[in-house]
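This is entry.cif. It holds mmCIF, C-alpha atoms.
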```cif
data_final
loop_
_atom_site.label_atom_id
_atom_site.label_comp_id
_atom_site.auth_asym_id
_atom_site.auth_seq_id
_atom_site.Cartn_x
_atom_site.Cartn_y
_atom_site.Cartn_z
CA MET A 1 44.59 5.87 4.48
CA ALA A 2 42.28 8.78 5.30
CA PHE A 3 40.28 8.10 2.10
CA VAL A 4 39.79 4.45 3.14
CA VAL A 5 38.57 5.54 6.56
CA ILE A 6 36.13 8.03 5.00
CA VAL A 7 34.77 5.39 2.61
CA ALA A 8 34.38 2.89 5.44
CA ALA A 9 32.64 5.47 7.61
CA ALA A 10 30.29 6.44 4.78
CA GLY A 11 29.49 2.79 4.12
CA GLY A 12 28.85 2.20 7.81
CA TRP A 13 26.56 5.21 8.06
CA ASN A 14 24.65 4.12 4.95
CA TRP A 15 24.19 0.62 6.37
CA TRP A 16 22.97 2.05 9.68
CA HIS A 17 20.71 4.57 7.93
CA GLN A 18 19.02 1.88 5.81
CA ARG A 19 18.66 -0.58 8.68
CA PRO A 20 15.02 -0.89 9.80
CA PRO A 21 14.26 -0.14 13.44
CA TYR A 22 12.35 -3.44 13.57
CA GLY A 23 11.04 -6.12 11.23
CA PRO A 24 7.44 -6.99 10.33
CA GLU A 25 7.47 -9.91 12.77
CA ALA A 26 7.48 -7.40 15.64
CA LEU A 27 4.00 -6.20 14.62
CA HIS A 28 2.22 -9.59 14.66
CA LEU A 29 0.23 -8.50 11.60
CA ARG A 30 -3.27 -9.82 10.91
CA SER A 31 -5.43 -9.18 7.86
CA SER A 32 -8.54 -10.18 5.95
CA LEU A 33 -10.25 -9.42 2.64
CA GLU A 34 -13.83 -10.06 1.50
CA PHE A 35 -16.37 -8.82 -1.02
CA VAL A 36 -19.23 -6.79 0.43
CA THR A 37 -22.32 -4.92 -0.64
CA TYR A 38 -22.62 -1.18 -0.14
CA ASP A 39 -24.73 -1.67 3.00
CA GLU A 40 -22.21 -4.13 4.44
CA ALA A 41 -19.36 -1.75 3.63
CA GLN A 42 -21.15 1.14 5.32
CA ALA A 43 -21.85 -0.95 8.41
CA ALA A 44 -18.20 -1.99 8.66
CA LEU A 45 -16.94 1.59 8.33
CA GLY A 46 -19.45 3.10 10.74
CA SER A 47 -21.69 6.13 10.49
CA ALA A 48 -18.80 8.61 10.65
CA TYR A 49 -17.40 7.46 7.30
CA GLN A 50 -18.85 7.16 3.80
CA ALA A 51 -18.43 3.94 1.82
CA PRO A 52 -17.80 4.21 -1.93
CA VAL A 53 -20.96 3.95 -4.01
CA ALA A 54 -20.97 0.89 -6.27
CA SER A 55 -23.30 0.15 -9.18
CA GLY A 56 -23.41 -1.40 -12.62
CA GLY A 57 -20.92 -4.19 -12.02
CA ASP A 58 -18.63 -2.31 -9.64
CA GLN A 59 -17.17 -4.33 -6.76
CA LEU A 60 -16.36 -3.41 -3.17
CA VAL A 61 -13.63 -5.17 -1.19
CA LEU A 62 -13.59 -4.86 2.59
CA GLY A 63 -10.19 -5.22 4.20
CA ARG A 64 -8.95 -5.20 7.77
CA VAL A 65 -5.34 -4.95 8.89
CA SER A 66 -4.21 -4.86 12.51
CA TRP A 67 -0.90 -4.90 14.33
CA GLN A 68 0.55 -4.66 17.80
CA PRO A 69 2.19 -1.37 18.83
CA PRO A 70 5.66 -1.26 17.26
CA PRO A 71 8.77 -1.19 19.49
CA ALA A 72 9.77 2.22 18.09
CA PRO A 73 7.82 5.25 16.78
CA LEU A 74 7.49 5.93 13.04
CA ASP A 75 9.41 9.21 13.48
CA GLY A 76 8.27 10.73 10.20
CA GLY A 77 8.12 7.43 8.33
CA TYR A 78 4.91 5.63 7.40
CA PHE A 79 3.32 2.31 6.56
CA ALA A 80 2.09 2.02 2.96
CA LEU A 81 -0.77 -0.43 2.51
CA PHE A 82 -1.10 -1.74 -1.05
CA LEU A 83 -4.04 -3.64 -2.57
CA ILE A 84 -3.00 -4.74 -6.06
CA ASP A 85 -4.65 -6.73 -8.84
CA LYS A 86 -1.84 -9.18 -9.63
CA ARG A 87 -3.12 -9.71 -13.18
CA SER A 88 -2.50 -6.11 -14.19
CA ASP A 89 -0.25 -4.81 -11.34
CA LEU A 90 -2.75 -2.00 -10.83
CA LYS A 91 -4.33 -0.54 -7.70
CA PRO A 92 -7.94 0.54 -7.10
CA PRO A 93 -8.70 4.24 -7.56
CA VAL A 94 -10.73 4.85 -4.41
CA PHE A 95 -10.64 3.83 -0.75
CA ALA A 96 -12.81 4.65 2.22
CA VAL A 97 -11.21 4.16 5.63
CA SER A 98 -12.55 4.13 9.17
CA ALA A 99 -9.66 6.02 10.75
CA PRO A 100 -8.96 9.65 11.67
CA GLN A 101 -8.09 11.63 8.53
CA GLU A 102 -4.77 12.76 9.99
CA SER A 103 -3.71 9.14 10.56
CA VAL A 104 -4.41 7.58 7.16
CA GLY A 105 -4.14 9.16 3.71
CA MET A 106 -4.84 7.97 0.17
CA GLY A 107 -2.70 8.54 -2.92
CA SER A 108 0.90 7.79 -3.90
CA ALA A 109 4.45 9.07 -3.43
CA GLY A 110 7.50 9.09 -5.68
CA VAL A 111 9.62 7.12 -3.20
CA GLU A 112 7.27 4.17 -3.70
CA ASN A 113 8.68 3.71 -7.20
CA LYS A 114 11.76 2.23 -5.48
CA ILE A 115 9.76 -0.58 -3.88
CA PRO A 116 9.63 -2.90 -6.95
CA ASP A 117 13.42 -2.64 -7.34
CA ARG A 118 13.84 -4.37 -4.01
CA TYR A 119 10.67 -6.44 -4.03
CA PRO A 120 9.81 -7.56 -7.59
CA TRP A 121 6.61 -9.23 -6.38
CA LEU A 122 5.37 -5.71 -5.59
CA ARG A 123 5.61 -4.44 -9.17
CA GLY A 124 2.28 -2.69 -8.79
CA ALA A 125 3.52 -0.44 -5.97
CA GLY A 126 5.11 2.04 -8.38
CA ASP A 127 3.91 4.05 -11.36
CA VAL A 128 2.75 2.36 -14.56
CA GLN A 129 4.53 2.83 -17.89
CA VAL A 130 1.94 3.75 -20.54
CA GLY A 131 4.33 4.91 -23.27
CA GLU A 132 8.00 5.00 -24.14
CA HIS A 133 8.61 7.98 -21.88
CA ASP A 134 5.25 8.27 -20.16
CA TRP A 135 4.47 6.97 -16.68
CA ARG A 136 1.21 7.32 -14.77
CA ASN A 137 0.07 6.53 -11.29
CA GLY A 138 -1.69 3.16 -11.30
CA GLY A 139 -4.32 3.82 -8.65
CA SER A 140 -4.04 4.57 -4.94
CA ARG A 141 -2.64 3.09 -1.77
CA LEU A 142 -3.15 3.94 1.89
CA ALA A 143 -0.42 5.75 3.85
CA ILE A 144 -0.56 5.28 7.61
CA GLY A 145 1.44 7.90 9.46
CA ASP A 146 0.39 6.97 12.98
CA ALA A 147 1.28 3.51 14.27
CA ARG A 148 -1.58 3.82 16.76
CA ALA A 149 -4.13 3.71 13.90
CA SER A 150 -4.50 -0.08 14.18
CA PRO A 151 -6.83 -1.67 13.33
CA VAL A 152 -7.37 -0.15 9.88
CA THR A 153 -10.67 -1.02 8.20
CA PHE A 154 -10.96 -0.02 4.55
CA VAL A 155 -13.26 -0.47 1.56
CA ALA A 156 -11.75 -0.40 -1.92
CA LEU A 157 -13.76 0.28 -5.06
CA PHE A 158 -13.07 -1.74 -8.21
CA PRO A 159 -15.12 0.01 -10.90
CA ARG A 160 -16.42 -1.68 -14.00
CA LEU A 161 -15.31 0.53 -16.88
CA TYR A 162 -16.58 0.78 -20.42
CA ARG A 163 -14.09 0.06 -23.17
CA SER A 164 -13.68 3.77 -23.89
CA GLN A 165 -12.60 4.35 -20.28
CA ARG A 166 -9.89 1.68 -20.15
CA GLU A 167 -7.16 4.24 -20.82
CA PHE A 168 -7.04 4.92 -17.07
CA PRO A 169 -4.39 2.71 -15.40
CA ILE A 170 -6.47 1.54 -12.45
CA ALA A 171 -7.60 -1.87 -11.20
CA THR A 172 -11.12 -2.65 -12.39
CA ALA A 173 -13.93 -5.16 -11.96
CA PRO A 174 -14.44 -8.01 -12.35
CA VAL A 175 -11.85 -9.27 -9.87
CA THR A 176 -11.67 -12.32 -7.57
CA LEU A 177 -10.02 -12.55 -4.17
CA PRO A 178 -7.20 -14.81 -5.46
CA ASP A 179 -6.36 -12.02 -7.95
CA LEU A 180 -5.57 -9.61 -5.10
CA LEU A 181 -2.31 -8.92 -3.32
CA LEU A 182 -2.38 -7.10 0.02
CA ALA A 183 0.96 -5.90 1.35
CA LEU A 184 2.31 -3.56 4.01
CA VAL A 185 5.53 -1.62 3.39
CA TYR A 186 7.48 0.36 5.98
CA LEU A 187 9.14 3.50 4.58
CA GLY A 188 11.45 5.77 6.56
CA ALA A 189 11.48 9.53 6.93
CA ASP A 190 14.43 9.80 4.51
CA ASP A 191 12.86 7.64 1.78
CA GLN A 192 14.25 4.37 3.09
CA VAL A 193 12.37 1.26 1.98
CA TYR A 194 12.78 -0.67 5.20
CA TRP A 195 10.74 -3.78 4.43
CA ALA A 196 7.64 -5.21 2.72
CA GLN A 197 5.36 -7.90 4.07
CA ARG A 198 2.85 -9.87 2.02
CA LEU A 199 -0.42 -10.14 3.95
CA GLN A 200 -2.78 -11.71 1.39
CA GLY A 201 -2.29 -13.17 -2.07
#
```
Entire entry expressed as C-alpha coordinates:
Amino acid sequence: MAFVVIVAAAGGWNWWHQRPPYGPEALHLRSSLEFVTYDEAQAALGSAYQAPVASGGDQLVLGRVSWQPPPAPLDGGYFALFLIDKRSDLKPPVFAVSAPQESVGMGSAGVENKIPDRYPWLRGAGDVQVGEHDWRNGGSRLAIGDARASPVTFVALFPRLYRSQREFPIATAPVTLPDLLLALVYLGADDQVYWAQRLQG
(Lines of atoms letter the chains of each structure in order from A and count residues from 1; the text may use other names and numbers.)
(Lines give C-alpha, C1' and ligand atoms only; values in the text may rest on other atoms or scores of the structure.)
Protein backbone atom coordinates (compact mmCIF):
# COMPACT_ATOMS: atom_id res chain seq x y z
CA MET A 1 0.00 0.00 0.00
CA ALA A 2 2.82 2.39 0.91
CA PHE A 3 4.47 1.73 -2.49
CA VAL A 4 1.22 2.63 -4.29
CA VAL A 5 0.97 5.86 -2.32
CA ILE A 6 4.59 6.75 -3.14
CA VAL A 7 4.06 6.07 -6.85
CA ALA A 8 0.87 8.14 -6.87
CA ALA A 9 2.58 10.98 -5.04
CA ALA A 10 5.53 10.90 -7.45
CA GLY A 11 3.18 10.91 -10.42
CA GLY A 12 1.23 13.80 -8.96
CA TRP A 13 4.38 15.81 -8.31
CA ASN A 14 5.63 15.12 -11.84
CA TRP A 15 2.32 16.26 -13.32
CA TRP A 16 2.39 19.43 -11.22
CA HIS A 17 6.06 20.06 -12.02
CA GLN A 18 5.48 19.81 -15.79
CA ARG A 19 2.29 21.87 -15.74
CA PRO A 20 2.85 25.32 -17.29
CA PRO A 21 2.05 28.34 -15.13
CA TYR A 22 0.02 29.71 -18.06
CA GLY A 23 -0.58 29.01 -21.73
CA PRO A 24 0.44 31.07 -24.78
CA GLU A 25 -3.06 32.55 -25.04
CA ALA A 26 -2.36 34.55 -21.88
CA LEU A 27 0.35 36.52 -23.70
CA HIS A 28 -1.76 37.73 -26.66
CA LEU A 29 1.26 37.23 -28.93
CA ARG A 30 1.78 39.33 -32.06
CA SER A 31 4.50 38.95 -34.67
CA SER A 32 5.71 39.97 -38.12
CA LEU A 33 8.47 39.07 -40.57
CA GLU A 34 9.79 40.96 -43.60
CA PHE A 35 12.88 41.24 -45.77
CA VAL A 36 14.89 44.42 -45.32
CA THR A 37 18.02 46.10 -46.57
CA TYR A 38 20.93 46.82 -44.25
CA ASP A 39 19.85 50.45 -43.86
CA GLU A 40 16.28 49.42 -43.07
CA ALA A 41 17.54 46.86 -40.56
CA GLN A 42 19.74 49.44 -38.86
CA ALA A 43 16.88 51.93 -38.66
CA ALA A 44 14.60 49.32 -37.10
CA LEU A 45 17.18 48.32 -34.48
CA GLY A 46 18.21 51.85 -33.57
CA SER A 47 21.59 53.49 -33.19
CA ALA A 48 22.46 51.55 -30.03
CA TYR A 49 22.58 48.23 -31.90
CA GLN A 50 24.47 46.97 -34.94
CA ALA A 51 22.64 45.21 -37.76
CA PRO A 52 24.36 42.26 -39.46
CA VAL A 53 26.26 43.23 -42.59
CA ALA A 54 24.84 41.60 -45.72
CA SER A 55 26.43 41.39 -49.16
CA GLY A 56 26.81 39.12 -52.16
CA GLY A 57 23.37 37.53 -52.06
CA ASP A 58 22.95 37.48 -48.28
CA GLN A 59 19.46 38.22 -46.97
CA LEU A 60 18.25 40.03 -43.86
CA VAL A 61 14.92 39.24 -42.21
CA LEU A 62 13.40 41.73 -39.79
CA GLY A 63 11.13 40.24 -37.16
CA ARG A 64 9.04 41.69 -34.35
CA VAL A 65 7.41 39.75 -31.53
CA SER A 66 5.40 41.31 -28.73
CA TRP A 67 3.32 40.04 -25.83
CA GLN A 68 1.38 41.28 -22.86
CA PRO A 69 2.97 40.87 -19.40
CA PRO A 70 2.52 37.24 -18.33
CA PRO A 71 0.41 36.41 -15.25
CA ALA A 72 3.45 34.88 -13.51
CA PRO A 73 7.21 35.59 -13.59
CA LEU A 74 9.61 33.39 -15.57
CA ASP A 75 11.37 32.38 -12.32
CA GLY A 76 14.52 31.12 -13.99
CA GLY A 77 12.77 29.85 -17.11
CA TYR A 78 12.92 31.55 -20.50
CA PHE A 79 11.20 32.05 -23.82
CA ALA A 80 13.08 30.56 -26.80
CA LEU A 81 12.34 32.29 -30.10
CA PHE A 82 13.06 30.12 -33.14
CA LEU A 83 13.29 31.22 -36.78
CA ILE A 84 13.64 28.09 -38.91
CA ASP A 85 13.91 27.39 -42.62
CA LYS A 86 11.27 24.66 -42.97
CA ARG A 87 12.95 23.24 -46.08
CA SER A 88 16.10 22.26 -44.21
CA ASP A 89 15.02 22.52 -40.52
CA LEU A 90 17.97 24.85 -39.96
CA LYS A 91 18.28 28.17 -38.15
CA PRO A 92 20.19 31.31 -39.17
CA PRO A 93 23.66 31.73 -37.69
CA VAL A 94 23.45 35.37 -36.60
CA PHE A 95 20.89 37.68 -35.00
CA ALA A 96 20.98 41.31 -33.98
CA VAL A 97 18.42 42.36 -31.37
CA SER A 98 17.25 45.71 -30.06
CA ALA A 99 16.99 44.68 -26.41
CA PRO A 100 19.25 44.92 -23.35
CA GLN A 101 21.98 42.27 -23.54
CA GLU A 102 21.01 40.81 -20.17
CA SER A 103 17.44 40.24 -21.38
CA VAL A 104 18.00 38.44 -24.69
CA GLY A 105 20.78 36.02 -25.63
CA MET A 106 21.70 34.13 -28.81
CA GLY A 107 22.82 30.51 -29.10
CA SER A 108 21.35 27.14 -28.11
CA ALA A 109 20.87 24.86 -25.11
CA GLY A 110 20.82 21.09 -24.72
CA VAL A 111 17.31 21.07 -23.24
CA GLU A 112 16.01 22.36 -26.57
CA ASN A 113 16.74 18.97 -28.12
CA LYS A 114 13.63 17.75 -26.26
CA ILE A 115 11.34 20.18 -28.08
CA PRO A 116 10.94 18.14 -31.32
CA ASP A 117 9.95 15.06 -29.29
CA ARG A 118 6.86 16.89 -28.11
CA TYR A 119 6.34 19.15 -31.10
CA PRO A 120 7.40 17.38 -34.33
CA TRP A 121 6.65 20.50 -36.38
CA LEU A 122 9.59 22.11 -34.54
CA ARG A 123 12.18 19.60 -35.77
CA GLY A 124 14.63 22.42 -36.37
CA ALA A 125 14.69 23.45 -32.70
CA GLY A 126 17.24 20.79 -31.78
CA ASP A 127 20.68 19.79 -33.01
CA VAL A 128 21.21 18.46 -36.54
CA GLN A 129 22.48 14.94 -37.23
CA VAL A 130 25.39 15.15 -39.68
CA GLY A 131 26.72 11.60 -39.28
CA GLU A 132 25.86 8.28 -37.70
CA HIS A 133 27.00 9.46 -34.28
CA ASP A 134 27.66 13.13 -34.97
CA TRP A 135 25.30 15.96 -34.12
CA ARG A 136 25.88 19.68 -34.61
CA ASN A 137 24.05 22.80 -33.65
CA GLY A 138 21.97 23.97 -36.62
CA GLY A 139 22.24 27.72 -36.14
CA SER A 140 21.03 30.01 -33.36
CA ARG A 141 17.85 31.00 -31.59
CA LEU A 142 17.04 33.85 -29.21
CA ALA A 143 16.59 33.18 -25.49
CA ILE A 144 14.53 35.76 -23.63
CA GLY A 145 15.07 35.61 -19.89
CA ASP A 146 13.07 38.69 -18.95
CA ALA A 147 9.35 38.73 -19.72
CA ARG A 148 9.50 42.54 -19.67
CA ALA A 149 11.66 42.54 -22.83
CA SER A 150 8.60 42.84 -25.09
CA PRO A 151 8.56 43.95 -27.83
CA VAL A 152 11.57 42.13 -29.27
CA THR A 153 12.85 43.43 -32.60
CA PHE A 154 15.45 41.28 -34.32
CA VAL A 155 17.31 40.99 -37.62
CA ALA A 156 18.43 37.55 -38.79
CA LEU A 157 21.16 37.00 -41.36
CA PHE A 158 20.72 34.31 -44.01
CA PRO A 159 24.14 34.13 -45.71
CA ARG A 160 24.68 32.97 -49.25
CA LEU A 161 27.38 30.32 -49.02
CA TYR A 162 29.68 28.93 -51.66
CA ARG A 163 29.46 25.21 -52.32
CA SER A 164 32.65 24.59 -50.34
CA GLN A 165 31.06 26.20 -47.27
CA ARG A 166 27.85 24.15 -47.26
CA GLU A 167 29.23 21.78 -44.63
CA PHE A 168 28.01 24.21 -41.96
CA PRO A 169 24.48 23.24 -40.79
CA ILE A 170 22.93 26.71 -40.91
CA ALA A 171 20.01 28.23 -42.80
CA THR A 172 21.21 30.03 -45.92
CA ALA A 173 20.00 32.31 -48.70
CA PRO A 174 18.07 32.32 -50.89
CA VAL A 175 14.96 31.97 -48.73
CA THR A 176 11.37 33.23 -49.07
CA LEU A 177 9.01 34.25 -46.28
CA PRO A 178 6.75 31.19 -46.80
CA ASP A 179 9.85 29.03 -46.15
CA LEU A 180 10.19 30.43 -42.63
CA LEU A 181 8.74 29.21 -39.37
CA LEU A 182 8.70 31.56 -36.37
CA ALA A 183 7.83 30.00 -33.02
CA LEU A 184 8.00 30.85 -29.33
CA VAL A 185 8.68 28.12 -26.77
CA TYR A 186 8.38 28.47 -23.00
CA LEU A 187 10.96 26.43 -21.06
CA GLY A 188 11.03 26.12 -17.28
CA ALA A 189 13.90 26.50 -14.83
CA ASP A 190 14.15 22.71 -14.46
CA ASP A 191 14.25 21.98 -18.21
CA GLN A 192 10.49 21.67 -18.59
CA VAL A 193 9.17 22.20 -22.11
CA TYR A 194 5.97 23.95 -21.12
CA TRP A 195 4.56 24.83 -24.53
CA ALA A 196 5.32 25.95 -28.10
CA GLN A 197 3.36 28.43 -30.15
CA ARG A 198 3.62 28.86 -33.91
CA LEU A 199 3.71 32.57 -34.75
CA GLN A 200 4.48 32.57 -38.49
CA GLY A 201 4.72 29.84 -41.11
> Which one of A:Val104, A:Ile84, A:Ala173, A:Leu122 sits closest to Ser140 (chain A) if you count all atoms listed in the file?
Replying inline: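 Result for the nearest residue to Ser140 (chain A): A:Ile84.
Of the residues under consideration (A:Tyr22, A:Tyr119, A:Phe95, A:Tyr194), A:Phe95 shows the shortest atom-to-atom contact distance to Ala41 (chain A) when counting all atoms listed in the file.
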> So which one's closest to Leu90 (chain A), A:Asp127, A:Asp39, A:Asp58, A:Asp190? Using all atoms listed in the file, please.
Replying inline: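 The closest residue to Leu90 (chain A) is A:Asp127.
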> Which residue gives the smallest distance to Leu184 (chain A) among A:Ser150, A:Gln50, A:Gln197, A:Thr172, with only C-alpha atoms counted?
Replying inline: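 Nearest candidate to Leu184 (chain A) out of A:Ser150, A:Gln50, A:Gln197, A:Thr172: A:Gln197.
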> Quick one: residues within 12 Å of Tyr78 (chain A), only C-alpha atoms counted, chain neighbours fewer than 5 positions away excluded, as number ranges by chain?
Replying inline: A: 73, 103-105, 109, 111-112, 142-149, 184-195
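CA of Phe79 (chain A) is positioned 27.0 Å from CA of Tyr38 (chain A).
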> Taking into account all atoms listed in the file, which residue in the set A:Gln59, A:Ser31, A:Ser98, A:Asn137 is nearest to Asn113 (chain A)?
Replying inline: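 Among the listed residues, the smallest separation from Asn113 (chain A) belongs to A:Asn137.
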>> Give me, as a PyMOL selection string, all polymer residues having an atom no more than 12 Å from Leu29 (chain A), counting all atoms listed in the file and skipping those fewer than 3 positions away in the same chain.
In response: chain A and resi 23-26+32+64-70+150-152+182-185+197-200
>> With distances taken over only C-alpha atoms, which residue among A:Gly110, A:Pro159, A:Pro120, A:Pro92 lies nearest Gly139 (chain A)?
In response: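 Of A:Gly110, A:Pro159, A:Pro120, A:Pro92, the one nearest Gly139 (chain A) is A:Pro92, counting only C-alpha atoms.
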Draw an axis-aligned box tight on the listed atoms of region 108-121 of chain A, then pad every side by 3 Å and write out centre and edge lengths in Å to one decimal as AutoDock Vina command-line options.
```
--center_x 7.4 --center_y -0.1 --center_z -5.4 --size_x 18.9 --size_y 24.3 --size_z 10.4
```
> CA of Ala171 (chain A) and CA of Ala44 (chain A) are how many Å apart?
Replying inline: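 Value for the CA of Ala171 (chain A)-CA of Ala44 (chain A) distance: 22.5 Å.
Distance-wise, CA of Tyr49 (chain A) and CA of Val97 (chain A) end up 7.2 Å apart.
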> Could you list as a list in words every residue that has an atom within 9 Å of (-19.7, -4.1, 2.0), using the file's coordinates and counting only C-alpha atoms?
Replying inline: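 Returned residue set, sorted by chain then number, is Glu34, Phe35, Val36, Thr37, Tyr38, Asp39, Glu40, Ala41, Gln42, Ala43, Ala44, Leu45, Ala51, Leu60, Val61, Leu62 and Val155 of chain A.
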Copy region 158-185 of chain A out of the block into a file, keeping N, CA and C atoms, as a PDB file, in the first residue's frame.
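After the write, decode_26.pdb holds the following:
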```pdb
ATOM      1  N   PHE A 158      20.684  35.552 -43.238  1.00  0.00           N
ATOM      2  CA  PHE A 158      20.723  34.307 -44.009  1.00  0.00           C
ATOM      3  C   PHE A 158      21.831  34.467 -45.056  1.00  0.00           C
ATOM      4  N   PRO A 159      23.014  33.918 -44.791  1.00  0.00           N
ATOM      5  CA  PRO A 159      24.138  34.127 -45.709  1.00  0.00           C
ATOM      6  C   PRO A 159      24.031  33.261 -46.952  1.00  0.00           C
ATOM      7  N   ARG A 160      24.545  33.786 -48.026  1.00  0.00           N
ATOM      8  CA  ARG A 160      24.676  32.970 -49.247  1.00  0.00           C
ATOM      9  C   ARG A 160      26.058  32.337 -49.211  1.00  0.00           C
ATOM     10  N   LEU A 161      26.110  31.025 -49.161  1.00  0.00           N
ATOM     11  CA  LEU A 161      27.378  30.320 -49.023  1.00  0.00           C
ATOM     12  C   LEU A 161      27.823  29.710 -50.348  1.00  0.00           C
ATOM     13  N   TYR A 162      29.133  29.660 -50.525  1.00  0.00           N
ATOM     14  CA  TYR A 162      29.685  28.929 -51.660  1.00  0.00           C
ATOM     15  C   TYR A 162      29.566  27.436 -51.401  1.00  0.00           C
ATOM     16  N   ARG A 163      29.633  26.659 -52.450  1.00  0.00           N
ATOM     17  CA  ARG A 163      29.461  25.213 -52.322  1.00  0.00           C
ATOM     18  C   ARG A 163      30.433  24.613 -51.314  1.00  0.00           C
ATOM     19  N   SER A 164      31.646  25.125 -51.262  1.00  0.00           N
ATOM     20  CA  SER A 164      32.650  24.588 -50.340  1.00  0.00           C
ATOM     21  C   SER A 164      32.326  24.885 -48.883  1.00  0.00           C
ATOM     22  N   GLN A 165      31.413  25.834 -48.638  1.00  0.00           N
ATOM     23  CA  GLN A 165      31.058  26.200 -47.274  1.00  0.00           C
ATOM     24  C   GLN A 165      29.788  25.515 -46.789  1.00  0.00           C
ATOM     25  N   ARG A 166      29.152  24.712 -47.590  1.00  0.00           N
ATOM     26  CA  ARG A 166      27.849  24.155 -47.257  1.00  0.00           C
ATOM     27  C   ARG A 166      27.913  23.081 -46.182  1.00  0.00           C
ATOM     28  N   GLU A 167      29.121  22.766 -45.694  1.00  0.00           N
ATOM     29  CA  GLU A 167      29.232  21.783 -44.634  1.00  0.00           C
ATOM     30  C   GLU A 167      28.661  22.312 -43.319  1.00  0.00           C
ATOM     31  N   PHE A 168      28.521  23.631 -43.193  1.00  0.00           N
ATOM     32  CA  PHE A 168      28.007  24.206 -41.964  1.00  0.00           C
ATOM     33  C   PHE A 168      26.482  24.049 -41.920  1.00  0.00           C
ATOM     34  N   PRO A 169      25.935  23.463 -40.860  1.00  0.00           N
ATOM     35  CA  PRO A 169      24.481  23.243 -40.795  1.00  0.00           C
ATOM     36  C   PRO A 169      23.739  24.493 -40.333  1.00  0.00           C
ATOM     37  N   ILE A 170      23.649  25.480 -41.206  1.00  0.00           N
ATOM     38  CA  ILE A 170      22.929  26.706 -40.912  1.00  0.00           C
ATOM     39  C   ILE A 170      21.987  27.024 -42.061  1.00  0.00           C
ATOM     40  N   ALA A 171      20.931  27.791 -41.761  1.00  0.00           N
ATOM     41  CA  ALA A 171      20.006  28.229 -42.800  1.00  0.00           C
ATOM     42  C   ALA A 171      20.700  29.274 -43.674  1.00  0.00           C
ATOM     43  N   THR A 172      20.508  29.160 -44.984  1.00  0.00           N
ATOM     44  CA  THR A 172      21.210  30.033 -45.918  1.00  0.00           C
ATOM     45  C   THR A 172      20.250  30.646 -46.933  1.00  0.00           C
ATOM     46  N   ALA A 173      20.718  31.704 -47.588  1.00  0.00           N
ATOM     47  CA  ALA A 173      20.004  32.313 -48.705  1.00  0.00           C
ATOM     48  C   ALA A 173      20.229  31.459 -49.962  1.00  0.00           C
ATOM     49  N   PRO A 174      19.285  31.497 -50.906  1.00  0.00           N
ATOM     50  CA  PRO A 174      18.070  32.316 -50.892  1.00  0.00           C
ATOM     51  C   PRO A 174      16.922  31.636 -50.145  1.00  0.00           C
ATOM     52  N   VAL A 175      16.101  32.461 -49.482  1.00  0.00           N
ATOM     53  CA  VAL A 175      14.958  31.970 -48.734  1.00  0.00           C
ATOM     54  C   VAL A 175      13.787  32.911 -49.000  1.00  0.00           C
ATOM     55  N   THR A 176      12.571  32.406 -48.924  1.00  0.00           N
ATOM     56  CA  THR A 176      11.370  33.231 -49.067  1.00  0.00           C
ATOM     57  C   THR A 176      10.619  33.230 -47.740  1.00  0.00           C
ATOM     58  N   LEU A 177       9.754  34.184 -47.540  1.00  0.00           N
ATOM     59  CA  LEU A 177       9.007  34.248 -46.278  1.00  0.00           C
ATOM     60  C   LEU A 177       8.157  32.997 -46.031  1.00  0.00           C
ATOM     61  N   PRO A 178       7.504  32.417 -47.064  1.00  0.00           N
ATOM     62  CA  PRO A 178       6.748  31.190 -46.802  1.00  0.00           C
ATOM     63  C   PRO A 178       7.618  30.011 -46.360  1.00  0.00           C
ATOM     64  N   ASP A 179       8.940  30.092 -46.594  1.00  0.00           N
ATOM     65  CA  ASP A 179       9.848  29.027 -46.154  1.00  0.00           C
ATOM     66  C   ASP A 179      10.106  29.082 -44.649  1.00  0.00           C
ATOM     67  N   LEU A 180       9.759  30.192 -43.998  1.00  0.00           N
ATOM     68  CA  LEU A 180      10.194  30.434 -42.630  1.00  0.00           C
ATOM     69  C   LEU A 180       9.124  30.105 -41.601  1.00  0.00           C
ATOM     70  N   LEU A 181       9.575  29.507 -40.527  1.00  0.00           N
ATOM     71  CA  LEU A 181       8.737  29.206 -39.367  1.00  0.00           C
ATOM     72  C   LEU A 181       9.251  30.023 -38.195  1.00  0.00           C
ATOM     73  N   LEU A 182       8.366  30.790 -37.567  1.00  0.00           N
ATOM     74  CA  LEU A 182       8.697  31.557 -36.370  1.00  0.00           C
ATOM     75  C   LEU A 182       7.870  31.000 -35.221  1.00  0.00           C
ATOM     76  N   ALA A 183       8.535  30.621 -34.143  1.00  0.00           N
ATOM     77  CA  ALA A 183       7.830  29.995 -33.022  1.00  0.00           C
ATOM     78  C   ALA A 183       8.425  30.453 -31.705  1.00  0.00           C
ATOM     79  N   LEU A 184       7.571  30.521 -30.688  1.00  0.00           N
ATOM     80  CA  LEU A 184       7.996  30.854 -29.333  1.00  0.00           C
ATOM     81  C   LEU A 184       7.747  29.649 -28.439  1.00  0.00           C
ATOM     82  N   VAL A 185       8.777  29.270 -27.669  1.00  0.00           N
ATOM     83  CA  VAL A 185       8.684  28.119 -26.770  1.00  0.00           C
ATOM     84  C   VAL A 185       8.971  28.606 -25.353  1.00  0.00           C
TER      85      VAL A 185
END
```
